[in-house]
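Trainee: Have a look at the structure that comes next, please.
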Amino acid sequence: MILDDEEKAIQSLAQRFASEKLAPGYMHRDTHDAVVDRGLMRELGALGLIAPEVSKELGGLGLRCTVAGIITEALAYGDFNMGSLAVTGSLMAQIIAANADEDVAADWVPRIVAGEALVSLALTEPRGGSDAANIGLSARRGAGGYFLNGEKTSITSAGQADGIIVFARTGLAEDGARGVSAFLVPGGSKGLSRTRFRDLGNRAIGRGSLFFDGVFVPDSHRLGDEGTGFAQVMQGFDYSRALLGLLCLGSAQASLDESWRYINERQAFRKPLAEFQGVSFPLAEAETLIAAARVLCHHTLGLRDAGLPHTAEAAMCKWLGPKTAVDAIHQCLLTFGHYGYSMDLSHQQRLRDVMSMEIGDGTAQIMKLIIARDRAAHARA
Ligand SMILES: Cc1cc2nc3c(=O)[nH]c(=O)nc-3n(C[C@H](O)[C@H](O)[C@H](O)COP(=O)(O)OP(=O)(O)OC[C@H]3O[C@@H](n4cnc5c(N)ncnc54)[C@H](O)[C@@H]3O)c2cc1C
C-alpha cells in the first residue's frame with residue numbers, strides 16, 4: 001500500500017496513539033460493562049482518527065477511505081474496542097452525510113468526527129437479524145413526522161448512544177425491503193427506553209435492546225426517501241465491512257507479534273521454542289493469512305476510493321477478516337501454553353472481542369450469500 005506523506009503521518013500518529021494511550025488500558029476497559037471512555041473517544045476525534053474520509057466541510061480531513069482502513073487497523077492493534085469506534089464513526093458519518101437533510105447532517109456529522117457523538121444503528125429485531133429487511137418496527141405518519149413503535153435488539157452501544165439510525169416499516173409487510181425507511185432518532189427522544197446485555201466481549205462498547213413507544217421523529221430526520229431507506233442506507237455497509245476486516249486483523253497482528261517475541265524467549269528441550277517448526281510454522285501460516293486478508297481489505301477500499309462496485313469484495317472482507325483473526329489469536333493463545341489460558345494475558349480478550357464480528361454486522365453465511373448472488377448475477381449477465 002503506497003501512502004503519501006500526509007497519509008504516512010496519520011498512520012504513524014494512529015500507531016503511536018494506539019501503543020501509548022490505548023494498549024495500556026485495553027484490558028482494564030474490559031471490566032467496565034457498556035461504558036465507552038468518552039475522554040479517549042474525544043481524543044481520537046481531536047487527532048482526526050475518526051472518519052478521516054469525511055469532507056472538510058463536515059469536519060473531516062477528506063482523506064481516502066483506504067486511509068481510514070489503515071487507521072482502524074493501527075488503533076485495533078492497541079485496543080479492538082476503541083478501534084471499533086473509528087469504524088462506527090465512519091459508517092454513521094457516511095450514512096448521515098449521504099442521506100440526511102443538509103441541516104441534520106451539518107448538526108451530526110461534525111460531532112461524530114470530533115468524537116463527541118456516539119451513534120448506533122438499529123436493524124436487528126427479536127425475530128432475527130439475517131433476514132434484515134423483514135422489519136416489524138412500525139413508523140406511522142403523523143403531523144410533521146412519524147411515530148415509531150416496536151423493539152430493536154442486539155444493538156451495539158444501545159445503552160449509551162447519543163443518536164440511533166433506526167430502520168422501520170413505513171409500507172406494508174409484503175413490500176419487503178421497499179417498505180422500509182430509515183430515521184435518525186436523537187438519544188433523548190421521549191418514549192425511547194433501553195436495556196444493556198452482559199456479553200462475552202466488546203464489553204467497553206456494549207450491546208442492548210431499544211424499545212420505541214410512540215417515539216416521534218420529525219420529517220427532517222428521515223434518512224433517504226420514504227420506502228427506499230433500506231437499500232440506500234445499506235450501501236454504507238460496503239464500506240464498514242472492509243473496515244471491520246482490518247479491525248479484526250489489527251487485533252490478531254498484536255497477538256502474533258507478541259507470540260514471535262515469546263517463542264524467541266521461551267525455552268523447551270534446551271532450545272528457544274522458535275527453533276521448533278511445530279511452533280513457528282502455525283505462526284508463519286497465520287502471518288501469511290493475515291497479510292492476504294489485509295491485501296483484500298485494502299483492495300476493497302481502493303475500489304471504493306475509485307468509485308467502483310465493491311459489494312461482493314466487502315462481504316469477502318467481512319467473513320475472511322474475523323475468521324482469519326479468530327484462528328490466528330487462538331493459535332497465539334496456544335503458543336503461550338498455560339500462560340495463554342490466563343485472564344492476565346490479552347489473547348483471551350482479543351479472541352472474545354474479535355469473535356463478535358463473526359456475528360455482528362452479518363454472519364459469514366450471509367456474507368457468502370451476498371458474494372454468491374453477485375457472482376451468479378454476473379455469470380447470468
Ligand atoms: C457483537 C454484536 C453486535 C451487533 N451489533 C448490531 C447493531 O449494532 N445493530 C444491529 O442492528 N444488529 C447488531 N447485531 C445483530 C447481528 O447483526 C445479528 O445477530 C446477525 O445479523 C444475525 O442475526 P441473528 O442473530 O438473528 O441470527 P439468525 O438470523 O437467527 O441466524 C441464526 C444462524 O442461522 C444462519 N442463517 C440464517 N439465515 C441463513 C441462510 N439463508 N443461509 C445460511 N445460514 C443462515 C446465520 O448465519 C446464523 O448462524 C449485533 C450482533 C452482535 C453479536
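All residue names refer to the C-alpha cells as shown: chains lettered A, B, ... in order, residues numbered from 1 in each chain, ligands numbered from 1 in order.
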Identify, counting only C-alpha atoms and all ligand atoms, the protein, DNA and RNA residues located within 10 Å of ligand 1, and give them as number ranges by chain.
Mentor: A: 88, 119-132, 152-158, 164-167, 199-203, 205-209, 352-369
Trainee: Would you mind listing what lies within 12 Å of A:Gln11 as a list in words, with only C-alpha atoms counted and same-chain residues fewer than 3 positions away left out?
Mentor: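 Neighbouring residues, sequence-local ones excluded: Met1, Ile2, Leu3, Asp4, Asp5, Glu6, Glu7, Lys8, Ala14, Gln15, Arg16, Phe17, Ala18, Leu47, Gly48, Leu49, Pro52, Leu63, Thr66, Val67, Ala68, Gly69, Ile70, Ile71, Thr72, Glu73, Ala74 and Leu75 of chain A.
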Trainee: Could I get the residues of stretch 10-122 of chain A with an atom no further than 10 Å from an atom of stretch 253-257 of chain A, each paired with its nearest atom pair and that distance in Å to one decimal, using only C-alpha atoms, sorted by chain and residue number, as CSV?
Mentor:
residue,atom,partner,partner_atom,distance
A:Ala23,CA,A:Ala254,CA,10.0
A:Glu73,CA,A:Gln253,CA,9.1
A:Ala74,CA,A:Ala254,CA,9.8
A:Ala76,CA,A:Ala254,CA,8.5
A:Tyr77,CA,A:Ala254,CA,5.3
A:Gly78,CA,A:Ala254,CA,7.5
A:Asp79,CA,A:Ala254,CA,9.6
Trainee: Suppose you want the space between atom CA of A:Leu44 and atom CA of A:Ile112; what is it in Å?
Mentor: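 Here the two named atoms are 10.8 Å from each other.
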Trainee: So which one's closest to A:Ala114, A:Ile371, A:Val54, A:Leu283, A:Leu301? Using only C-alpha atoms, please.
Mentor: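 Once distances to A:Ala114 are computed over only C-alpha atoms, the minimum belongs to A:Val54.
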Trainee: I'd like the neighbourhood of stretch 272-277 of chain A as a list of chain:residue names, where a residue qualifies if any of its atoms comes within 12 Å (using only C-alpha atoms), though same-chain residues fewer than 3 positions away should be ignored.
Mentor: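 Those residues are A:Ser259, A:Trp260, A:Arg261, A:Tyr262, A:Ile263, A:Asn264, A:Glu265, A:Arg266, A:Gln267, A:Ala268, A:Phe269, A:Ser280, A:Phe281, A:Pro282, A:Leu283, A:Ala284, A:Glu285, A:Thr335, A:Phe336, A:Gly337.
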Trainee: Give me, as a list in words, the residues of stretch 249-284 of chain A that a backbone DSSP run labels strand (DSSP E or B).
Mentor: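 Listing strand (DSSP E or B) positions across stretch 249-284 of chain A yields Gln267, Ala268, Lys271 and Pro272 of chain A.
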Trainee: Output N, CA and C atoms for every residue in that selection, as a compact mmCIF listing (two decimals), in the first residue's frame.
Mentor:
# COMPACT_ATOMS: atom_id res chain seq x y z
N GLN A 267 12.00 -21.30 26.43
CA GLN A 267 12.81 -22.47 26.06
C GLN A 267 12.05 -23.76 26.36
N ALA A 268 12.27 -24.78 25.55
CA ALA A 268 11.83 -26.14 25.85
C ALA A 268 12.87 -27.08 25.25
N LYS A 271 16.16 -25.46 24.06
CA LYS A 271 16.22 -24.59 22.87
C LYS A 271 15.09 -23.57 22.93
N PRO A 272 15.24 -22.40 22.28
CA PRO A 272 14.09 -21.49 22.18
C PRO A 272 12.98 -22.18 21.36
Trainee: For each of A:Tyr339, A:Tyr239, A:Trp108, A:Tyr26, take the minimum atom-to-atom distance to A:Met82, counting only C-alpha atoms, then give the residue where this is smallest.
Mentor: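 When distances to A:Met82 are compared using only C-alpha atoms, the smallest one comes from A:Tyr26.
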Trainee: Just give me the gap between atom CA of A:Leu91 and atom CA of A:Ala325 in Å, one decimal is fine.
Mentor: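 Interatomic distance here is 21.6 Å.
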Trainee: Determine the nearest neighbour of A:Arg141 from the options A:Gly191, A:Arg222, A:Pro186, A:Cys317, counting only C-alpha atoms.
Mentor: A:Arg222
Trainee: Applying 10 Å and only C-alpha atoms, which residues near A:Ala106 remain after dropping the ones on its own chain fewer than 3 positions away? List them as a PyMOL selection string.
Mentor: chain A and resi 57-59+96-97+100-103+109-111
Trainee: Produce a file of the selected residues containing C-alpha atoms, as a JSON list (two decimals), in the first residue's frame.
Mentor:
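Just written: result38.json:
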[["chain", "number", "residue", "atom", "x", "y", "z"],
["A", 57, "GLU", "CA", -16.94, 20.98, 5.12],
["A", 58, "LEU", "CA", -18.41, 18.44, 7.55],
["A", 59, "GLY", "CA", -15.39, 18.42, 9.86],
["A", 96, "ILE", "CA", -25.85, 10.58, 7.53],
["A", 97, "ALA", "CA", -23.77, 12.69, 5.13],
["A", 100, "ALA", "CA", -29.77, 13.20, 5.72],
["A", 101, "ASP", "CA", -31.31, 16.60, 5.28],
["A", 102, "GLU", "CA", -28.47, 19.17, 4.94],
["A", 103, "ASP", "CA", -29.09, 20.77, 8.36],
["A", 109, "VAL", "CA", -21.55, 14.60, 11.22],
["A", 110, "PRO", "CA", -19.04, 17.11, 12.70],
["A", 111, "ARG", "CA", -19.88, 15.85, 16.21]]
Trainee: Between A:Met92, A:Ile50, A:Leu61, A:Ala34, single out the one closest to A:Phe197, counting only C-alpha atoms.
Mentor: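 With only C-alpha atoms as the atom set, the closest residue is A:Ala34.
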